[in-house]
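File shown here: coords-v5.cif, holding mmCIF, C-alpha atoms.
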data_model
#
loop_
_atom_site.label_atom_id
_atom_site.label_comp_id
_atom_site.auth_asym_id
_atom_site.auth_seq_id
_atom_site.Cartn_x
_atom_site.Cartn_y
_atom_site.Cartn_z
CA MET A 1 -60.69 -57.86 5.17
CA ARG A 2 -57.60 -59.86 4.14
CA ARG A 3 -56.12 -56.67 2.66
CA SER A 4 -56.68 -54.78 5.95
CA VAL A 5 -54.94 -57.52 7.90
CA SER A 6 -51.98 -57.44 5.50
CA ILE A 7 -51.65 -53.66 5.83
CA ALA A 8 -51.83 -53.91 9.63
CA VAL A 9 -49.15 -56.63 9.71
CA LEU A 10 -46.93 -54.61 7.38
CA THR A 11 -47.35 -51.47 9.48
CA VAL A 12 -46.43 -53.32 12.69
CA ALA A 13 -43.41 -54.93 10.99
CA LEU A 14 -42.17 -51.57 9.68
CA ALA A 15 -42.65 -49.88 13.04
CA THR A 16 -40.73 -52.66 14.81
CA GLY A 17 -37.95 -52.58 12.22
CA VAL A 18 -37.51 -48.80 12.40
CA GLY A 19 -37.53 -49.01 16.20
CA THR A 20 -34.84 -51.65 16.17
CA ILE A 21 -32.66 -49.71 13.76
CA THR A 22 -33.03 -46.49 15.75
CA GLY A 23 -32.32 -48.37 18.98
CA GLY A 24 -29.27 -49.98 17.39
CA GLN A 25 -27.91 -46.59 16.31
CA LYS A 26 -28.41 -45.28 19.82
CA ASN A 27 -26.47 -48.26 21.19
CA ILE A 28 -23.61 -47.74 18.75
CA LEU A 29 -23.39 -44.05 19.61
CA ALA A 30 -23.57 -44.77 23.32
CA SER A 31 -20.80 -47.35 23.20
CA ALA A 32 -18.66 -45.01 21.10
CA GLN A 33 -19.11 -42.30 23.73
CA GLU A 34 -18.34 -44.62 26.64
CA LYS A 35 -15.15 -46.24 25.31
CA PRO A 36 -12.22 -44.11 24.16
CA ALA A 37 -10.95 -44.89 20.68
CA THR A 38 -8.05 -47.32 20.67
CA VAL A 39 -5.13 -47.18 18.29
CA GLU A 40 -2.48 -49.86 18.06
CA VAL A 41 1.27 -49.45 17.60
CA LYS A 42 3.21 -52.57 16.68
CA ILE A 43 6.71 -53.18 17.95
CA ASP A 44 8.60 -55.32 15.49
CA ASN A 45 12.10 -55.70 14.09
CA PHE A 46 13.52 -53.10 16.49
CA SER A 47 11.05 -50.37 15.48
CA PHE A 48 7.68 -48.84 16.40
CA GLY A 49 5.07 -48.88 13.66
CA PRO A 50 3.80 -46.32 12.96
CA ALA A 51 6.67 -44.31 14.43
CA THR A 52 4.57 -41.13 14.46
CA LEU A 53 0.93 -41.27 15.38
CA THR A 54 -1.62 -38.43 15.43
CA VAL A 55 -4.70 -39.02 17.58
CA PRO A 56 -7.51 -36.97 19.15
CA VAL A 57 -7.55 -36.26 22.90
CA GLY A 58 -8.93 -39.20 24.88
CA THR A 59 -7.50 -41.84 22.57
CA SER A 60 -6.04 -44.94 24.11
CA VAL A 61 -2.86 -46.18 22.41
CA THR A 62 -1.89 -49.83 22.79
CA TRP A 63 1.63 -50.97 22.02
CA THR A 64 2.01 -54.69 21.22
CA ASN A 65 5.40 -56.36 21.14
CA ARG A 66 5.47 -58.56 18.02
CA ASP A 67 9.25 -58.85 18.17
CA ASP A 68 11.13 -61.90 19.46
CA ILE A 69 13.02 -59.83 22.02
CA PRO A 70 11.79 -57.76 25.00
CA HIS A 71 11.11 -54.03 24.58
CA THR A 72 9.79 -51.16 26.67
CA VAL A 73 7.76 -48.04 25.93
CA VAL A 74 8.95 -45.01 27.92
CA SER A 75 8.13 -41.34 27.37
CA THR A 76 11.14 -39.05 27.17
CA ASP A 77 9.63 -36.27 29.29
CA ASP A 78 10.46 -35.76 32.95
CA PRO A 79 8.52 -36.75 35.02
CA LYS A 80 7.56 -39.62 32.72
CA SER A 81 4.03 -39.42 31.31
CA PHE A 82 4.06 -43.17 30.74
CA LYS A 83 6.44 -46.06 31.28
CA SER A 84 5.79 -49.71 30.56
CA LYS A 85 7.32 -52.70 32.25
CA VAL A 86 9.56 -54.91 30.11
CA LEU A 87 7.26 -56.34 27.41
CA ASP A 88 7.93 -59.87 26.23
CA THR A 89 6.68 -61.17 22.88
CA ASP A 90 2.90 -60.57 22.48
CA GLU A 91 2.64 -58.52 25.68
CA LYS A 92 0.79 -55.19 25.49
CA PHE A 93 0.93 -51.80 27.13
CA SER A 94 -1.82 -49.16 26.93
CA PHE A 95 -1.96 -45.49 27.80
CA THR A 96 -4.82 -43.02 27.37
CA PHE A 97 -3.82 -39.55 26.25
CA SER A 98 -6.05 -37.08 28.04
CA LYS A 99 -4.13 -33.90 27.21
CA ALA A 100 -3.14 -32.41 23.88
CA GLY A 101 0.54 -32.27 23.10
CA THR A 102 3.45 -34.14 21.57
CA TYR A 103 4.69 -37.21 23.41
CA PRO A 104 8.01 -38.58 22.21
CA TYR A 105 8.94 -42.01 23.53
CA PHE A 106 11.63 -44.67 23.18
CA CYS A 107 12.59 -48.21 24.16
CA SER A 108 14.85 -48.05 27.21
CA ILE A 109 16.55 -51.34 26.24
CA HIS A 110 17.21 -50.23 22.65
CA PRO A 111 17.42 -46.41 22.72
CA LYS A 112 17.68 -46.18 18.93
CA MET A 113 14.02 -47.18 18.81
CA THR A 114 11.97 -43.99 19.04
CA GLY A 115 8.42 -42.92 18.32
CA LYS A 116 6.04 -40.03 18.83
CA VAL A 117 2.36 -39.60 19.64
CA ILE A 118 0.81 -36.25 18.64
CA VAL A 119 -2.40 -35.62 20.55
CA GLN A 120 -4.69 -32.94 19.06
CA MET B 121 17.04 -41.18 27.96
CA GLN B 122 19.93 -43.59 27.46
CA GLU B 123 22.47 -42.73 24.81
CA THR B 124 22.53 -44.78 21.64
CA GLY B 125 25.48 -47.05 20.92
CA PHE B 126 28.29 -46.67 18.42
CA LEU B 127 28.66 -50.22 17.05
CA GLY B 128 25.72 -49.94 14.66
CA THR B 129 23.46 -52.27 16.65
CA ALA B 130 20.38 -51.43 18.76
CA ALA B 131 22.42 -51.48 21.98
CA PRO B 132 22.83 -48.48 24.27
CA ARG B 133 26.27 -46.89 24.55
CA ALA B 134 26.97 -48.54 27.91
CA ALA B 135 26.45 -52.02 26.42
CA ASP B 136 28.74 -51.26 23.45
CA LEU B 137 31.44 -49.94 25.75
CA THR B 138 31.10 -52.93 28.08
CA LEU B 139 31.39 -55.37 25.17
CA LEU B 140 34.59 -53.76 23.87
CA LEU B 141 36.13 -53.50 27.34
CA GLU B 142 35.31 -57.13 28.12
CA MET B 143 36.89 -58.29 24.86
CA GLY B 144 39.95 -56.20 25.68
CA MET B 145 40.10 -57.65 29.18
CA GLY B 146 39.81 -61.21 27.87
CA THR B 147 42.77 -60.53 25.59
CA GLY B 148 44.58 -58.85 28.50
CA LEU B 149 44.18 -61.99 30.63
CA LEU B 150 45.80 -64.05 27.87
CA ALA B 151 48.65 -61.55 27.73
CA GLY B 152 48.92 -61.79 31.53
CA ALA B 153 49.11 -65.58 31.31
CA TRP B 154 51.92 -65.24 28.76
CA LEU B 155 53.78 -62.91 31.19
CA ALA B 156 53.66 -65.66 33.83
CA ARG B 157 54.91 -68.19 31.30
CA VAL B 158 58.00 -66.08 30.49
CA GLY B 159 58.67 -65.56 34.19
CA ARG B 160 57.59 -61.92 34.59
CA ILE B 161 55.49 -62.72 37.63
CA ARG B 162 55.22 -59.21 39.02
CA PHE B 163 53.81 -57.82 35.72
CA HIS B 164 51.56 -60.88 35.48
CA ALA B 165 50.15 -60.16 38.95
CA ILE B 166 49.55 -56.48 38.16
CA CYS B 167 47.91 -57.25 34.80
CA GLN B 168 45.51 -59.89 36.12
CA SER B 169 44.66 -57.87 39.27
CA VAL B 170 43.78 -54.74 37.29
CA ILE B 171 41.55 -56.78 34.97
CA VAL B 172 39.71 -58.56 37.80
CA LEU B 173 39.07 -55.24 39.58
CA LEU B 174 38.07 -53.42 36.38
CA ASN B 175 35.63 -56.23 35.63
CA LEU B 176 34.14 -55.85 39.11
CA GLY B 177 33.57 -52.16 38.35
CA LEU B 178 31.85 -52.99 35.06
CA ILE B 179 29.61 -55.56 36.75
CA VAL B 180 28.55 -53.06 39.40
CA LEU B 181 28.11 -50.08 37.07
CA THR B 182 26.64 -51.53 33.88
CA MET B 183 25.94 -55.25 33.80
CA PHE B 184 24.14 -55.80 37.10
CA PRO B 185 21.87 -52.72 36.70
CA ALA B 186 20.84 -53.88 33.20
CA PHE B 187 20.25 -57.42 34.49
CA HIS B 188 18.24 -56.08 37.42
CA ARG B 189 16.11 -53.88 35.13
CA GLN B 190 15.56 -56.18 32.16
CA VAL B 191 15.88 -59.77 33.31
CA LEU B 192 15.32 -60.14 37.05
CA PRO B 193 11.63 -59.03 37.03
CA LYS B 194 10.85 -61.89 34.60
CA LEU B 195 12.44 -64.64 36.71
CA PRO B 196 11.89 -67.44 37.39
CA GLY B 197 8.74 -67.66 35.22
CA ARG B 198 10.30 -66.79 31.85
CA ILE B 199 13.63 -68.59 32.28
CA GLY B 200 12.66 -70.90 29.39
CA ARG B 201 12.85 -68.07 26.86
CA PRO B 202 16.23 -68.15 25.09
CA TYR B 203 17.15 -64.49 25.69
CA TYR B 204 16.52 -64.79 29.45
CA ALA B 205 18.21 -68.21 29.68
CA LEU B 206 21.30 -66.84 27.94
CA ALA B 207 21.46 -63.75 30.17
CA VAL B 208 21.01 -65.83 33.35
CA THR B 209 23.69 -68.35 32.34
CA HIS B 210 26.10 -65.53 31.49
CA ALA B 211 25.37 -63.72 34.75
CA SER B 212 25.69 -66.85 36.90
CA LEU B 213 28.91 -68.12 35.35
CA GLY B 214 30.25 -64.55 35.22
CA GLY B 215 29.58 -64.16 38.92
CA VAL B 216 31.49 -67.37 39.60
CA ALA B 217 34.41 -66.18 37.43
CA GLU B 218 34.58 -62.79 39.16
CA LEU B 219 34.39 -64.29 42.65
CA GLY B 220 37.03 -66.84 41.63
CA GLY B 221 39.25 -64.03 40.38
CA LEU B 222 38.86 -62.06 43.59
CA TYR B 223 39.57 -65.18 45.64
CA ILE B 224 42.79 -65.87 43.72
CA LEU B 225 43.87 -62.24 44.16
CA LEU B 226 43.32 -62.52 47.92
CA ALA B 227 44.74 -66.02 48.28
CA VAL B 228 47.83 -65.60 46.13
CA GLY B 229 48.50 -61.88 46.18
CA THR B 230 47.85 -61.08 49.85
CA ARG B 231 48.15 -62.62 53.30
CA LEU B 232 44.65 -61.57 54.28
CA LEU B 233 43.18 -65.07 54.17
CA PRO B 234 43.90 -67.69 56.84
CA GLU B 235 46.54 -70.30 55.95
CA LYS B 236 44.04 -73.09 55.25
CA LEU B 237 42.15 -70.98 52.70
CA ARG B 238 45.21 -70.18 50.63
CA ILE B 239 45.79 -71.92 47.30
CA THR B 240 48.63 -74.37 46.83
CA ARG B 241 47.85 -75.61 43.30
CA PHE B 242 47.56 -72.05 42.07
CA ARG B 243 48.58 -72.81 38.45
CA PHE B 244 45.71 -75.26 38.09
CA TRP B 245 43.18 -72.81 39.55
CA MET B 246 44.45 -69.87 37.50
CA ARG B 247 44.32 -71.84 34.25
CA SER B 248 40.86 -73.18 35.09
CA LEU B 249 39.63 -69.69 35.85
CA LEU B 250 41.04 -68.37 32.57
CA LEU B 251 39.04 -71.05 30.78
CA VAL B 252 35.86 -70.14 32.68
CA TRP B 253 36.50 -66.42 32.04
CA TRP B 254 36.71 -66.95 28.28
CA SER B 255 33.56 -69.10 28.34
CA VAL B 256 31.80 -66.23 30.10
CA LEU B 257 33.14 -63.81 27.50
CA PHE B 258 31.69 -65.91 24.67
CA LEU B 259 28.38 -66.13 26.54
CA GLY B 260 28.46 -62.36 26.97
CA MET B 261 28.99 -61.85 23.24
CA ALA B 262 26.12 -64.24 22.52
CA THR B 263 23.89 -62.36 24.99
CA TYR B 264 24.78 -59.04 23.34
CA ALA B 265 24.01 -60.47 19.89
CA ARG B 266 20.65 -61.91 21.02
CA TRP B 267 19.47 -58.76 22.77
CA TYR B 268 20.74 -56.05 20.46
CA MET B 269 21.22 -57.37 16.94
CA THR B 270 18.74 -58.01 14.15
CA TRP B 271 18.69 -61.48 12.69
CA PRO B 272 17.17 -62.32 9.29
#

Please express what this file holds, its structure, as structure tokens.
Amino acid sequence: MRRSVSIAVLTVALATGVGTITGGQKNILASAQEKPATVEVKIDNFSFGPATLTVPVGTSVTWTNRDDIPHTVVSTDDPKSFKSKVLDTDEKFSFTFSKAGTYPYFCSIHPKMTGKVIVQ
Amino acid sequence: MQETGFLGTAAPRAADLTLLLEMGMGTGLLAGAWLARVGRIRFHAICQSVIVLLNLGLIVLTMFPAFHRQVLPKLPGRIGRPYYALAVTHASLGGVAELGGLYILLAVGTRLLPEKLRITRFRFWMRSLLLVWWSVLFLGMATYARWYMTWP
């Protein structure tokens, strides 16, 4: 009798555990599908890092100004695909790339600062 | 896309050119003051007038647009940050210097202003303005260094 109870408890525990794990996986997959992947580019010491970035379509790129001077992030194409306001220290700018292609960009305050996002 | 500068800093070409022209104009004003001292008043008047008008052109074409684009949107909230404070001080004092220069040109070099607005102690005002102009030049160089140069 005691053995039967133990088996029953173990079975219920296993079933609950497997259910939780499966449910958790579903949640992870769902949240991955809902939110686009985010990649960060740091702006520091008058440069973008990494200067060249390769990402899949749908990726959101966030530029963060870690420098102690304002910068901007502006695409070189015309009309501009993206253009940030002037970013002070620790300010961010995000853009989601929904089409494949190569997107060169620069800082309009310091035009020597250039970067590129390759969307595949 | 703006063109890159030629002074080896992160500045755009327009900022490099403006810096060099302003330094040249500051030196030109000193030369103009020397012309007055040796009695060549006509050359003094031409020299200082050309510099004041050239400076007005530079303000309109390069300095004010950059200020409007990079600094003005952040005011007054971010005035406490050194790079904005420096740019605002330079712009304010520079505006005073340019207006002062234009006023002296009109008051001393023309008869366009009414009698009561003309300057009588013109040497005092010209020397004072030269001092203010050079202060603005140093502030401009400091602003350039803060915005476009890397510091260890």

Please identify every residue of chain A that has at least one atom no more than 6 Å from any atom of chain B, counting only C-alpha atoms, and report them as JSON, numbers by chain.
{"A": [110, 111, 112]}

Applied to the shown file, which residues does the PyMOL selection byres ((chain B and resi 215-221) around 7) return, written as a ChimeraX atom specification?
/B:172,176,211-214,222-225,249,252-253

Filtering to C-alpha atoms, could you give me those residues as an mmCIF file, keeping the file's coordinate frame?
data_model
loop_
_atom_site.group_PDB
_atom_site.id
_atom_site.type_symbol
_atom_site.label_atom_id
_atom_site.label_comp_id
_atom_site.auth_asym_id
_atom_site.auth_seq_id
_atom_site.Cartn_x
_atom_site.Cartn_y
_atom_site.Cartn_z
ATOM 1 C CA VAL B 172 39.710 -58.560 37.800
ATOM 2 C CA LEU B 176 34.140 -55.850 39.110
ATOM 3 C CA ALA B 211 25.370 -63.720 34.750
ATOM 4 C CA SER B 212 25.690 -66.850 36.900
ATOM 5 C CA LEU B 213 28.910 -68.120 35.350
ATOM 6 C CA GLY B 214 30.250 -64.550 35.220
ATOM 7 C CA LEU B 222 38.860 -62.060 43.590
ATOM 8 C CA TYR B 223 39.570 -65.180 45.640
ATOM 9 C CA ILE B 224 42.790 -65.870 43.720
ATOM 10 C CA LEU B 225 43.870 -62.240 44.160
ATOM 11 C CA LEU B 249 39.630 -69.690 35.850
ATOM 12 C CA VAL B 252 35.860 -70.140 32.680
ATOM 13 C CA TRP B 253 36.500 -66.420 32.040
#

Which residues, protein or nucleic acid, reach to within 7 Å of (12.0, -53.9, 22.1) in the file's coordinates when using only C-alpha atoms, and can you give that as an MDAnalysis selection string?
chainID A and resid 43 46 67 69:72 107 109:110

Please produce a file of the residues just selected, as a JSON list (two decimals), in the coordinates of the input, where the atoms kept are C-alpha atoms.
[["chain", "number", "residue", "atom", "x", "y", "z"],
["A", 43, "ILE", "CA", 6.71, -53.18, 17.95],
["A", 46, "PHE", "CA", 13.52, -53.10, 16.49],
["A", 67, "ASP", "CA", 9.25, -58.85, 18.17],
["A", 69, "ILE", "CA", 13.02, -59.83, 22.02],
["A", 70, "PRO", "CA", 11.79, -57.76, 25.00],
["A", 71, "HIS", "CA", 11.11, -54.03, 24.58],
["A", 72, "THR", "CA", 9.79, -51.16, 26.67],
["A", 107, "CYS", "CA", 12.59, -48.21, 24.16],
["A", 109, "ILE", "CA", 16.55, -51.34, 26.24],
["A", 110, "HIS", "CA", 17.21, -50.23, 22.65]]

I'd like the neighbourhood of Ala165 of chain B as an mmCIF file with C-alpha atoms, keeping the file's coordinate frame, where a residue qualifies if any of its atoms comes within 10 Å (using all atoms listed in the file), though same-chain residues fewer than 4 positions away should be ignored.
data_model
loop_
_atom_site.group_PDB
_atom_site.id
_atom_site.type_symbol
_atom_site.label_atom_id
_atom_site.label_comp_id
_atom_site.auth_asym_id
_atom_site.auth_seq_id
_atom_site.Cartn_x
_atom_site.Cartn_y
_atom_site.Cartn_z
ATOM 1 C CA GLY B 152 48.920 -61.790 31.530
ATOM 2 C CA ALA B 153 49.110 -65.580 31.310
ATOM 3 C CA LEU B 155 53.780 -62.910 31.190
ATOM 4 C CA ALA B 156 53.660 -65.660 33.830
ATOM 5 C CA ARG B 160 57.590 -61.920 34.590
ATOM 6 C CA ILE B 161 55.490 -62.720 37.630
ATOM 7 C CA SER B 169 44.660 -57.870 39.270
ATOM 8 C CA VAL B 170 43.780 -54.740 37.290
ATOM 9 C CA LEU B 225 43.870 -62.240 44.160
ATOM 10 C CA VAL B 228 47.830 -65.600 46.130
ATOM 11 C CA GLY B 229 48.500 -61.880 46.180
#

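Across A:Ser47, A:Thr52, A:Thr38, A:Thr59, the tightest approach to Lys116 of chain A is made by A:Thr52 when counting all atoms listed in the file.
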
Listed atoms of segment 187-198 of chain B boxed along x, y and z, 5 Å each side, centre and edge lengths in Å, one decimal, as AutoDock Vina command-line options:
--center_x 14.5 --center_y -60.8 --center_z 34.6 --size_x 21.5 --size_y 23.8 --size_z 15.6

Nearest residue to Val55 of chain A out of A:Glu91, A:Thr114, A:Phe106, A:Gly101, using all atoms listed in the file?
A:Gly101

What lies within 10 Å of His210 of chain B using all atoms listed in the file, ignoring chain neighbours under 6 positions off, as a ChimeraX atom specification?
/B:204,216,255-263

Show me, as a VMD selection string, the residues that have an atom within 7 Å of Ile239 of chain B when counting only C-alpha atoms, minus same-chain residues fewer than 2 positions from it.
chain B and resid 227 to 228 237 241 to 242

Selection from above, C-alpha atoms, as an mmCIF file, in the frame of the given file, can you write it?
data_model
loop_
_atom_site.group_PDB
_atom_site.id
_atom_site.type_symbol
_atom_site.label_atom_id
_atom_site.label_comp_id
_atom_site.auth_asym_id
_atom_site.auth_seq_id
_atom_site.Cartn_x
_atom_site.Cartn_y
_atom_site.Cartn_z
ATOM 1 C CA ALA B 227 44.740 -66.020 48.280
ATOM 2 C CA VAL B 228 47.830 -65.600 46.130
ATOM 3 C CA LEU B 237 42.150 -70.980 52.700
ATOM 4 C CA ARG B 241 47.850 -75.610 43.300
ATOM 5 C CA PHE B 242 47.560 -72.050 42.070
#

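Counting from atom CA of Ser94 of chain A, the distance to atom CA of Pro196 of chain B is 25.1 Å.
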
If you apply the PyMOL selection byres ((chain A and resi 98) around 7) to this file, what residues do you get, as a ChimeraX atom specification?
/A:57-58,96-97,99-100

Is it possible to produce a file of segment 225-241 of chain B from this structure, with N, CA and C atoms, as a PDB file, in the first residue's frame?
ATOM      1  N   LEU B 225      31.376  99.886 -36.570  1.00  0.00           N
ATOM      2  CA  LEU B 225      31.471 100.181 -38.016  1.00  0.00           C
ATOM      3  C   LEU B 225      30.451 101.249 -38.407  1.00  0.00           C
ATOM      4  N   LEU B 226      29.222 101.071 -37.932  1.00  0.00           N
ATOM      5  CA  LEU B 226      28.153 102.029 -38.276  1.00  0.00           C
ATOM      6  C   LEU B 226      28.383 103.383 -37.607  1.00  0.00           C
ATOM      7  N   ALA B 227      28.796 103.347 -36.345  1.00  0.00           N
ATOM      8  CA  ALA B 227      28.905 104.594 -35.572  1.00  0.00           C
ATOM      9  C   ALA B 227      30.118 105.428 -35.962  1.00  0.00           C
ATOM     10  N   VAL B 228      31.210 104.722 -36.282  1.00  0.00           N
ATOM     11  CA  VAL B 228      32.444 105.462 -36.593  1.00  0.00           C
ATOM     12  C   VAL B 228      32.652 105.610 -38.098  1.00  0.00           C
ATOM     13  N   GLY B 229      32.305 104.560 -38.833  1.00  0.00           N
ATOM     14  CA  GLY B 229      32.607 104.570 -40.270  1.00  0.00           C
ATOM     15  C   GLY B 229      31.526 105.143 -41.161  1.00  0.00           C
ATOM     16  N   THR B 230      30.332 105.358 -40.633  1.00  0.00           N
ATOM     17  CA  THR B 230      29.240 105.894 -41.474  1.00  0.00           C
ATOM     18  C   THR B 230      28.511 107.015 -40.722  1.00  0.00           C
ATOM     19  N   ARG B 231      27.582 107.642 -41.432  1.00  0.00           N
ATOM     20  CA  ARG B 231      26.735 108.661 -40.783  1.00  0.00           C
ATOM     21  C   ARG B 231      25.275 108.169 -40.730  1.00  0.00           C
ATOM     22  N   LEU B 232      25.154 106.839 -40.755  1.00  0.00           N
ATOM     23  CA  LEU B 232      23.806 106.264 -40.773  1.00  0.00           C
ATOM     24  C   LEU B 232      23.081 106.392 -39.430  1.00  0.00           C
ATOM     25  N   LEU B 233      23.842 106.388 -38.352  1.00  0.00           N
ATOM     26  CA  LEU B 233      23.211 106.452 -37.030  1.00  0.00           C
ATOM     27  C   LEU B 233      22.945 107.904 -36.627  1.00  0.00           C
ATOM     28  N   PRO B 234      21.887 108.134 -35.837  1.00  0.00           N
ATOM     29  CA  PRO B 234      21.650 109.492 -35.338  1.00  0.00           C
ATOM     30  C   PRO B 234      22.813 109.968 -34.452  1.00  0.00           C
ATOM     31  N   GLU B 235      22.943 111.277 -34.346  1.00  0.00           N
ATOM     32  CA  GLU B 235      24.077 111.894 -33.637  1.00  0.00           C
ATOM     33  C   GLU B 235      24.273 111.321 -32.227  1.00  0.00           C
ATOM     34  N   LYS B 236      23.166 111.156 -31.507  1.00  0.00           N
ATOM     35  CA  LYS B 236      23.296 110.729 -30.102  1.00  0.00           C
ATOM     36  C   LYS B 236      23.747 109.272 -29.952  1.00  0.00           C
ATOM     37  N   LEU B 237      23.644 108.492 -31.026  1.00  0.00           N
ATOM     38  CA  LEU B 237      24.093 107.090 -30.949  1.00  0.00           C
ATOM     39  C   LEU B 237      25.537 106.901 -31.420  1.00  0.00           C
ATOM     40  N   ARG B 238      26.147 107.979 -31.855  1.00  0.00           N
ATOM     41  CA  ARG B 238      27.536 107.844 -32.318  1.00  0.00           C
ATOM     42  C   ARG B 238      28.493 107.785 -31.121  1.00  0.00           C
ATOM     43  N   ILE B 239      29.671 107.210 -31.373  1.00  0.00           N
ATOM     44  CA  ILE B 239      30.643 107.027 -30.294  1.00  0.00           C
ATOM     45  C   ILE B 239      31.586 108.221 -30.233  1.00  0.00           C
ATOM     46  N   THR B 240      31.844 108.685 -29.023  1.00  0.00           N
ATOM     47  CA  THR B 240      32.840 109.756 -28.880  1.00  0.00           C
ATOM     48  C   THR B 240      34.160 109.163 -28.353  1.00  0.00           C
ATOM     49  N   ARG B 241      34.048 108.274 -27.363  1.00  0.00           N
ATOM     50  CA  ARG B 241      35.275 107.646 -26.822  1.00  0.00           C
ATOM     51  C   ARG B 241      35.578 106.383 -27.632  1.00  0.00           C
TER      52      ARG B 241
END
